[in-house]
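As structure tokens, the structure follows; a few thoughts come after it.
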Number of protein chains: 2
Amino acid sequence: MDFVHLLISNNIKPSLQRIKIFEYLYDNREHPTVDTIYSNLVGDIPTLSKTTVYNTLKLFIDNGITSTVTIEDNEVRYDAIMEEHGHFKCDNCGNVYDVEIDISALKFKEIKSFKVEKTNIYLKGKCNKCLNKIN
Amino acid sequence: MDFVHLLISNNIKPSLQRIKIFEYLYDNREHPTVDTIYSNLVGDIPTLSKTTVYNTLKLFIDNGITSTVTIEDNEVRYDAIMEEHGHFKCDNCGNVYDVEIDISALKFKEIKSFKVEKTNIYLKGKCNKCLNKIN
DNA sequence: ATCTAATTTTGTAATCGTTACAATTTTATA
DNA sequence: TATAAAATTGTAACGATTACAAAATTAGAT
Ligand SMILES: [Mn+2]
Ligand SMILES: [Mn+2]
Ligand SMILES: [Zn+2]
Ligand SMILES: [Zn+2]
């Protein structure tokens, strides 16, 4: 995966920080928080500032190569996958997984009252790993 | 609507503050924030504290008569409707509306990997009021 | 290669929503 | 009425995010 050219083709100058942050997001599909990203990169880039992580993610979002995943009130997660998809969060381990959902199947009553531009779906429950551990 | 008995039957002592806060939430289907609730009630109850609004909503949630609606990273909204339903948020006016969605129609690939306990759906776009104003 | 301007990164301080906590007030019980 | 329990309140603490200005890096012109 050529992150440098992905950034360039989205009008983002490929600084070291930007490359590493996008690379992390793309390779780690756990929907990490700012803190997770920072903690995992600061070893690589010792001068890294958390502000840069915030700034960079905002830049990515503004340029359409990253989105936020809001499930819990108190944690903002980030996602490099821009294709429409849903999420599943396990109550037990807290992990957030991608799920493929066919949103075209969704019908709702008030469809005539709104111009819908985006449909968000997230599920909550227990992942199989946790279910097996508990039992 | 008899809010006093609704609270009692859910093991919540019906203090003035609790009654008023639940009444507000039940009557105003806008999915208000803590600040909105506080601002609209402090005229009625001049001694009201924002902490009480926080505490009371937490109590309601713990006792299953209120839920949170998380759409935006930075605003927590509250809902007295506990039946499963979806939401629509207008980008333009910011209002959040209820929508009836048949979630049984939803199919997703990873259904065998997770035990799903709750399905959340929210839509974003423009409401008709805003569309008419803009055009 | 060198100078200069523009961009990016960084660290610190400010902000804001929420929570912790202790004091006060209200309510229930004897 | 006296006492204990519960609820409310105000203030302080907290943590995530943002604002901002200084420092460092990069790009462009000479
Ligand atoms: Mn995802
Ligand atoms: Mn609702
Ligand atoms: Zn799990
Ligand atoms: Zn609108």
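Naming scheme: A, B, ... for chains in displayed order of the structure tokens; residues 1 onward per chain; ligands 1 onward as shown.
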
Mind running chain D against chain B at 10 Å and telling me each contacting residue's nearest atom pair with the distance in Å (one decimal), counting only C-alpha atoms (C1' of nucleotides), chain and number ascending, as CSV?
residue,atom,partner,partner_atom,distance
D:DA6,C1',B:Lys13,CA,9.8
D:DA7,C1',B:Ser15,CA,8.3
D:DT8,C1',B:Thr52,CA,6.6
D:DT9,C1',B:Ser49,CA,6.1
D:DG10,C1',B:Ser49,CA,8.1
D:DT17,C1',B:Asn74,CA,9.8

Taking C-alpha atoms (C1' of nucleotides) for each residue, export the selection above as a short mmCIF file (atom, residue, chain, number, x, y, z; two decimals), in the first residue's frame.
data_model
loop_
_atom_site.label_atom_id
_atom_site.label_comp_id
_atom_site.auth_asym_id
_atom_site.auth_seq_id
_atom_site.Cartn_x
_atom_site.Cartn_y
_atom_site.Cartn_z
"C1'" DA D 6 -32.01 10.53 51.07
"C1'" DA D 7 -31.84 14.16 47.73
"C1'" DT D 8 -30.11 18.47 46.16
"C1'" DT D 9 -26.76 21.81 45.63
"C1'" DG D 10 -22.29 24.40 44.67
"C1'" DT D 17 -10.23 18.65 22.89
#

Please identify all protein, DNA and RNA residues within 12 Å of ligand 3, counting only C-alpha atoms (C1' of nucleotides) and all ligand atoms, and report them as a compact mmCIF listing (two decimals) with N, CA, C and O atoms, in the first residue's frame.
# COMPACT_ATOMS: atom_id res chain seq x y z
N PHE A 88 -19.67 -3.23 15.09
CA PHE A 88 -20.14 -3.99 16.24
C PHE A 88 -19.20 -3.72 17.39
O PHE A 88 -17.99 -3.88 17.26
N LYS A 89 -19.75 -3.30 18.53
CA LYS A 89 -18.91 -3.12 19.70
C LYS A 89 -19.26 -4.14 20.77
O LYS A 89 -20.43 -4.27 21.16
N CYS A 90 -18.23 -4.83 21.25
CA CYS A 90 -18.44 -5.82 22.31
C CYS A 90 -18.45 -5.11 23.67
O CYS A 90 -17.50 -4.43 24.03
N ASP A 91 -19.55 -5.30 24.39
CA ASP A 91 -19.69 -4.74 25.74
C ASP A 91 -18.58 -5.19 26.66
O ASP A 91 -18.21 -4.50 27.60
N ASN A 92 -18.10 -6.42 26.39
CA ASN A 92 -17.19 -7.05 27.34
C ASN A 92 -15.75 -6.60 27.13
O ASN A 92 -15.14 -6.06 28.05
N CYS A 93 -15.23 -6.81 25.93
CA CYS A 93 -13.82 -6.46 25.69
C CYS A 93 -13.67 -5.05 25.15
O CYS A 93 -12.57 -4.50 25.13
N GLY A 94 -14.76 -4.45 24.68
CA GLY A 94 -14.69 -3.08 24.19
C GLY A 94 -14.20 -2.95 22.75
O GLY A 94 -14.16 -1.84 22.22
N ASN A 95 -13.84 -4.06 22.13
CA ASN A 95 -13.37 -3.98 20.75
C ASN A 95 -14.49 -3.59 19.79
O ASN A 95 -15.65 -3.94 20.01
N VAL A 96 -14.10 -2.86 18.75
CA VAL A 96 -15.06 -2.46 17.72
C VAL A 96 -14.67 -3.13 16.41
O VAL A 96 -13.55 -2.97 15.94
N TYR A 97 -15.58 -3.90 15.87
CA TYR A 97 -15.33 -4.65 14.64
C TYR A 97 -16.15 -4.07 13.49
O TYR A 97 -17.24 -3.53 13.71
N LYS A 124 -24.45 -3.62 19.23
CA LYS A 124 -23.76 -3.86 20.49
C LYS A 124 -24.12 -5.24 21.01
O LYS A 124 -25.22 -5.73 20.75
N GLY A 125 -23.20 -5.83 21.75
CA GLY A 125 -23.46 -7.16 22.29
C GLY A 125 -22.18 -7.79 22.77
O GLY A 125 -21.34 -7.09 23.35
N LYS A 126 -22.05 -9.11 22.53
CA LYS A 126 -20.84 -9.82 22.96
C LYS A 126 -20.20 -10.49 21.75
O LYS A 126 -20.90 -11.13 20.96
N CYS A 127 -18.90 -10.35 21.67
CA CYS A 127 -18.20 -11.04 20.58
C CYS A 127 -17.98 -12.51 20.97
O CYS A 127 -18.00 -12.86 22.15
N ASN A 128 -17.76 -13.33 19.98
CA ASN A 128 -17.62 -14.77 20.24
C ASN A 128 -16.46 -15.10 21.16
O ASN A 128 -16.57 -15.99 22.01
N LYS A 129 -15.36 -14.37 20.99
CA LYS A 129 -14.21 -14.60 21.87
C LYS A 129 -14.61 -14.47 23.33
O LYS A 129 -14.28 -15.29 24.17
N CYS A 130 -15.34 -13.40 23.63
CA CYS A 130 -15.77 -13.17 25.01
C CYS A 130 -16.79 -14.20 25.45
O CYS A 130 -16.75 -14.68 26.59
N LEU A 131 -17.71 -14.54 24.59
CA LEU A 131 -18.72 -15.55 24.93
C LEU A 131 -18.06 -16.87 25.30
O LEU A 131 -18.45 -17.52 26.27
N ASN A 132 -17.04 -17.25 24.55
CA ASN A 132 -16.35 -18.51 24.83
C ASN A 132 -15.58 -18.47 26.15
O ASN A 132 -15.55 -19.44 26.88
N LYS A 133 -14.99 -17.31 26.43
CA LYS A 133 -14.26 -17.16 27.68
C LYS A 133 -15.18 -17.23 28.88
O LYS A 133 -14.88 -17.88 29.88
N ILE A 134 -16.32 -16.54 28.78
CA ILE A 134 -17.25 -16.47 29.90
C ILE A 134 -17.81 -17.86 30.22
O ILE A 134 -17.90 -18.27 31.37
N SER B 113 -20.61 -14.33 14.21
CA SER B 113 -19.46 -14.03 15.07
C SER B 113 -19.82 -13.24 16.32
O SER B 113 -19.02 -13.11 17.22
N PHE B 114 -21.03 -12.70 16.35
CA PHE B 114 -21.40 -11.81 17.44
C PHE B 114 -22.79 -12.14 17.98
O PHE B 114 -23.68 -12.54 17.24
N LYS B 115 -22.93 -11.95 19.26
CA LYS B 115 -24.27 -12.01 19.86
C LYS B 115 -24.77 -10.57 19.98
O LYS B 115 -24.36 -9.83 20.87
N VAL B 116 -25.64 -10.18 19.09
CA VAL B 116 -26.11 -8.80 19.05
C VAL B 116 -27.24 -8.58 20.04
O VAL B 116 -28.22 -9.32 20.06

Check your understanding: Which residues sit within 6 Å of ligand 2, counting only C-alpha atoms (C1' of nucleotides) and all ligand atoms, listed as a PyMOL selection string?
Key -> chain B and resi 79+81+98

Exercise for review: Please extract the residues at most 10 Å from ligand 1, counting only C-alpha atoms (C1' of nucleotides) and all ligand atoms, and provide them as a PyMOL selection string, using the chain letters and residue numbers of this document.
Suggested key: chain A and resi 29-31+67-69+77-88+96-100+122

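The shell of residues at most 12 Å from DA21 in chain D, with only C-alpha atoms (C1' of nucleotides) counted and near chain neighbours (fewer than 3 positions) removed, consists of DT10, DG11, DT12 and DA13 of chain C.
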
**Study point:** Members of chain B assigned strand (DSSP E) by DSSP, as an MDAnalysis selection string
**Key:** chainID B and resid 67:70 76:79 86:90 96:99 114:127

Export of the given selection (N, CA, C and O atoms) as a short mmCIF file (atom, residue, chain, number, x, y, z; two decimals), in the first residue's frame:
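See again-v2.cif below for the written result:
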data_model
loop_
_atom_site.label_atom_id
_atom_site.label_comp_id
_atom_site.auth_asym_id
_atom_site.auth_seq_id
_atom_site.Cartn_x
_atom_site.Cartn_y
_atom_site.Cartn_z
N SER B 67 -32.84 6.85 27.78
CA SER B 67 -31.64 6.38 27.09
C SER B 67 -30.91 7.57 26.50
O SER B 67 -31.46 8.66 26.40
N THR B 68 -29.66 7.35 26.15
CA THR B 68 -28.90 8.42 25.51
C THR B 68 -28.91 8.22 24.00
O THR B 68 -29.02 7.10 23.51
N VAL B 69 -28.80 9.32 23.31
CA VAL B 69 -28.69 9.29 21.85
C VAL B 69 -27.36 9.93 21.49
O VAL B 69 -27.15 11.11 21.74
N THR B 70 -26.46 9.12 20.97
CA THR B 70 -25.12 9.61 20.63
C THR B 70 -24.99 9.65 19.11
O THR B 70 -24.91 8.61 18.47
N VAL B 76 -24.29 14.90 23.99
CA VAL B 76 -25.07 13.76 24.46
C VAL B 76 -26.51 14.22 24.60
O VAL B 76 -26.78 15.22 25.26
N ARG B 77 -27.39 13.49 23.96
CA ARG B 77 -28.80 13.82 24.02
C ARG B 77 -29.54 12.73 24.78
O ARG B 77 -29.05 11.61 24.90
N TYR B 78 -30.73 13.07 25.28
CA TYR B 78 -31.49 12.13 26.10
C TYR B 78 -32.87 11.90 25.51
O TYR B 78 -33.43 12.78 24.85
N ASP B 79 -33.39 10.72 25.76
CA ASP B 79 -34.62 10.27 25.12
C ASP B 79 -35.45 9.48 26.13
O ASP B 79 -34.92 8.58 26.79
N GLY B 86 -35.15 4.56 15.41
CA GLY B 86 -33.97 5.21 14.89
C GLY B 86 -34.08 6.72 14.97
O GLY B 86 -35.09 7.25 15.46
N HIS B 87 -33.04 7.39 14.53
CA HIS B 87 -33.02 8.86 14.58
C HIS B 87 -32.52 9.44 13.28
O HIS B 87 -31.74 8.81 12.56
N PHE B 88 -33.00 10.65 13.03
CA PHE B 88 -32.53 11.40 11.89
C PHE B 88 -32.05 12.75 12.38
O PHE B 88 -32.77 13.45 13.08
N LYS B 89 -30.82 13.11 12.05
CA LYS B 89 -30.32 14.43 12.43
C LYS B 89 -30.10 15.28 11.19
O LYS B 89 -29.42 14.86 10.24
N CYS B 90 -30.69 16.47 11.21
CA CYS B 90 -30.53 17.40 10.10
C CYS B 90 -29.22 18.17 10.26
O CYS B 90 -28.99 18.81 11.28
N VAL B 96 -32.94 16.67 15.91
CA VAL B 96 -32.92 15.21 15.85
C VAL B 96 -34.35 14.69 15.94
O VAL B 96 -35.07 15.00 16.90
N TYR B 97 -34.77 13.96 14.94
CA TYR B 97 -36.13 13.44 14.87
C TYR B 97 -36.13 11.93 15.06
O TYR B 97 -35.16 11.25 14.70
N ASP B 98 -37.24 11.42 15.59
CA ASP B 98 -37.42 9.97 15.66
C ASP B 98 -37.81 9.43 14.31
O ASP B 98 -38.55 10.08 13.56
N VAL B 99 -37.32 8.24 14.01
CA VAL B 99 -37.81 7.55 12.80
C VAL B 99 -38.12 6.10 13.15
O VAL B 99 -37.41 5.48 13.94
N PHE B 114 -21.03 -12.70 16.35
CA PHE B 114 -21.40 -11.81 17.44
C PHE B 114 -22.79 -12.14 17.98
O PHE B 114 -23.68 -12.54 17.24
N LYS B 115 -22.93 -11.95 19.26
CA LYS B 115 -24.27 -12.01 19.86
C LYS B 115 -24.77 -10.57 19.98
O LYS B 115 -24.36 -9.83 20.87
N VAL B 116 -25.64 -10.18 19.09
CA VAL B 116 -26.11 -8.80 19.05
C VAL B 116 -27.24 -8.58 20.04
O VAL B 116 -28.22 -9.32 20.06
N GLU B 117 -27.05 -7.59 20.90
CA GLU B 117 -28.09 -7.29 21.90
C GLU B 117 -28.85 -6.02 21.59
O GLU B 117 -29.96 -5.81 22.06
N LYS B 118 -28.21 -5.15 20.84
CA LYS B 118 -28.88 -3.87 20.53
C LYS B 118 -28.42 -3.38 19.16
O LYS B 118 -27.25 -3.48 18.82
N THR B 119 -29.35 -2.89 18.40
CA THR B 119 -29.05 -2.33 17.08
C THR B 119 -29.38 -0.85 17.08
O THR B 119 -30.48 -0.46 17.46
N ASN B 120 -28.41 -0.06 16.70
CA ASN B 120 -28.60 1.40 16.67
C ASN B 120 -28.50 1.91 15.25
O ASN B 120 -27.56 1.55 14.53
N ILE B 121 -29.43 2.74 14.89
CA ILE B 121 -29.42 3.32 13.55
C ILE B 121 -29.67 4.81 13.63
O ILE B 121 -30.59 5.25 14.34
N TYR B 122 -28.83 5.57 12.98
CA TYR B 122 -29.17 6.98 12.81
C TYR B 122 -28.81 7.45 11.42
O TYR B 122 -27.83 7.00 10.83
N LEU B 123 -29.65 8.35 10.94
CA LEU B 123 -29.51 8.88 9.58
C LEU B 123 -29.09 10.33 9.68
O LEU B 123 -29.37 11.01 10.68
N LYS B 124 -28.42 10.79 8.67
CA LYS B 124 -28.08 12.21 8.60
C LYS B 124 -28.42 12.75 7.23
O LYS B 124 -28.40 12.02 6.25
N GLY B 125 -28.75 14.03 7.19
CA GLY B 125 -29.09 14.65 5.92
C GLY B 125 -29.76 15.99 6.15
O GLY B 125 -29.33 16.73 7.04
N LYS B 126 -30.78 16.28 5.35
CA LYS B 126 -31.48 17.56 5.49
C LYS B 126 -32.96 17.28 5.71
O LYS B 126 -33.55 16.45 5.01
N CYS B 127 -33.54 18.00 6.68
CA CYS B 127 -34.98 17.84 6.88
C CYS B 127 -35.75 18.69 5.86
O CYS B 127 -35.19 19.63 5.29
#

For DA20 in chain C: contacts at 9 Å, only C-alpha atoms (C1' of nucleotides), fewer than 2 positions along chain excluded, given as an mmCIF file with N, CA, C and O atoms (P, O5', C5', C4', C3', O3' and C1' of nucleotides), in the first residue's frame:
data_model
loop_
_atom_site.group_PDB
_atom_site.id
_atom_site.type_symbol
_atom_site.label_atom_id
_atom_site.label_comp_id
_atom_site.auth_asym_id
_atom_site.auth_seq_id
_atom_site.Cartn_x
_atom_site.Cartn_y
_atom_site.Cartn_z
ATOM 1 P P DA D 12 -14.275 26.458 44.453
ATOM 2 O "O5'" DA D 12 -13.474 25.084 44.370
ATOM 3 C "C5'" DA D 12 -13.688 24.089 45.386
ATOM 4 C "C4'" DA D 12 -13.137 22.766 44.899
ATOM 5 C "C3'" DA D 12 -11.879 22.901 44.043
ATOM 6 O "O3'" DA D 12 -11.006 21.820 44.380
ATOM 7 C "C1'" DA D 12 -13.567 21.835 42.787
ATOM 8 P P DA D 13 -9.619 21.606 43.637
ATOM 9 O "O5'" DA D 13 -9.894 20.344 42.715
ATOM 10 C "C5'" DA D 13 -10.393 19.159 43.324
ATOM 11 C "C4'" DA D 13 -10.584 18.111 42.245
ATOM 12 C "C3'" DA D 13 -9.379 17.919 41.325
ATOM 13 O "O3'" DA D 13 -9.152 16.525 41.212
ATOM 14 C "C1'" DA D 13 -11.328 18.361 40.038
ATOM 15 P P DC D 14 -7.884 15.959 40.393
ATOM 16 O "O5'" DC D 14 -8.564 15.494 39.037
ATOM 17 C "C5'" DC D 14 -9.787 14.749 39.063
ATOM 18 C "C4'" DC D 14 -10.284 14.606 37.665
ATOM 19 C "C3'" DC D 14 -9.160 14.424 36.633
ATOM 20 O "O3'" DC D 14 -9.255 13.115 36.124
ATOM 21 C "C1'" DC D 14 -10.837 15.966 35.895
#

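Remark: for chain C, the closest of the candidate residues B:Glu23, B:Asp44, B:Asp102, B:Asp35 is B:Asp35 (distances computed over only C-alpha atoms (C1' of nucleotides)).
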
Check your understanding: Quick one: residues within 12 Å of Ser39 in chain A, only C-alpha atoms (C1' of nucleotides) counted, chain neighbours fewer than 2 positions away excluded, as a PyMOL selection string?
Key -> chain A and resi 21+24+32-37+41-46+48-50+53

Review point. Do you know which residues are at most 12 Å from DA5 in chain C counting only C-alpha atoms (C1' of nucleotides), after dropping those on the same chain fewer than 6 positions away, and could you put them as a VMD selection string?
Key: chain D and resid 26 to 29

What would the file look like if the residues just selected were written as a CSV table (one decimal), in the first residue's frame with C-alpha atoms (C1' of nucleotides)?
chain,number,residue,atom,x,y,z
D,26,DT,C1',10.2,22.4,3.9
D,27,DA,C1',9.8,24.7,-0.6
D,28,DG,C1',10.9,28.3,-3.8
D,29,DA,C1',13.7,32.1,-5.5

Check your understanding: Can you list every residue in chain B that DSSP puts in alpha helix (DSSP H), as a count of residues only?
Key -> 46

Compute the set of chain C residues within 10 Å of chain B, using only C-alpha atoms (C1' of nucleotides), and express it as a PDB file with N, CA and C atoms (P, O5', C5', C4', C3', O3' and C1' of nucleotides), in the first residue's frame.
ATOM      1  P    DG C  17     -19.940  22.992  27.107  1.00  0.00           P
ATOM      2  O5'  DG C  17     -20.197  21.453  27.434  1.00  0.00           O
ATOM      3  C5'  DG C  17     -19.763  20.470  26.500  1.00  0.00           C
ATOM      4  C4'  DG C  17     -19.456  19.197  27.262  1.00  0.00           C
ATOM      5  C3'  DG C  17     -20.586  18.697  28.154  1.00  0.00           C
ATOM      6  O3'  DG C  17     -20.711  17.303  27.973  1.00  0.00           O
ATOM      7  C1'  DG C  17     -18.637  19.005  29.441  1.00  0.00           C
ATOM      8  P    DT C  18     -21.891  16.469  28.695  1.00  0.00           P
ATOM      9  O5'  DT C  18     -21.165  15.890  29.993  1.00  0.00           O
ATOM     10  C5'  DT C  18     -20.064  15.015  29.786  1.00  0.00           C
ATOM     11  C4'  DT C  18     -19.391  14.758  31.108  1.00  0.00           C
ATOM     12  C3'  DT C  18     -20.295  14.184  32.202  1.00  0.00           C
ATOM     13  O3'  DT C  18     -19.871  12.847  32.422  1.00  0.00           O
ATOM     14  C1'  DT C  18     -18.807  15.850  33.039  1.00  0.00           C
ATOM     15  P    DT C  19     -20.520  11.919  33.522  1.00  0.00           P
ATOM     16  O5'  DT C  19     -19.566  12.171  34.774  1.00  0.00           O
ATOM     17  C5'  DT C  19     -18.175  11.971  34.610  1.00  0.00           C
ATOM     18  C4'  DT C  19     -17.489  12.200  35.949  1.00  0.00           C
ATOM     19  C3'  DT C  19     -18.165  11.508  37.151  1.00  0.00           C
ATOM     20  O3'  DT C  19     -17.119  10.868  37.859  1.00  0.00           O
ATOM     21  C1'  DT C  19     -17.884  13.815  37.584  1.00  0.00           C
ATOM     22  P    DT C  26     -35.131  23.243  51.924  1.00  0.00           P
ATOM     23  O5'  DT C  26     -35.598  21.723  51.821  1.00  0.00           O
ATOM     24  C5'  DT C  26     -35.443  21.036  50.573  1.00  0.00           C
ATOM     25  C4'  DT C  26     -35.771  19.573  50.790  1.00  0.00           C
ATOM     26  C3'  DT C  26     -37.152  19.321  51.405  1.00  0.00           C
ATOM     27  O3'  DT C  26     -37.878  18.550  50.465  1.00  0.00           O
ATOM     28  C1'  DT C  26     -35.489  18.005  52.452  1.00  0.00           C
ATOM     29  P    DT C  27     -39.376  18.071  50.789  1.00  0.00           P
ATOM     30  O5'  DT C  27     -39.141  16.608  51.377  1.00  0.00           O
ATOM     31  C5'  DT C  27     -38.463  15.636  50.583  1.00  0.00           C
ATOM     32  C4'  DT C  27     -38.350  14.354  51.375  1.00  0.00           C
ATOM     33  C3'  DT C  27     -39.673  13.868  51.981  1.00  0.00           C
ATOM     34  O3'  DT C  27     -39.887  12.544  51.533  1.00  0.00           O
ATOM     35  C1'  DT C  27     -37.949  13.877  53.607  1.00  0.00           C
TER      36       DT C  27
END

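Distances from A:Ile101, A:Leu57, A:Ile111, A:Leu7 to chain B were compared using only C-alpha atoms, and the smallest one belongs to A:Ile101.
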
Point to revise | 12 Å contact set for DT30 in chain D, only C-alpha atoms (C1' of nucleotides), chain neighbours under 4 positions out, as a PyMOL selection string | key: chain C and resi 1-4

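Across the structure, CA of Glu72 in chain B and CA of Arg18 in chain A are spaced 25.1 Å apart.
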
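For the atom pair formed by CA of Ile12 in chain A and CA of Ile71 in chain B, the distance is 27.9 Å, given to one decimal.
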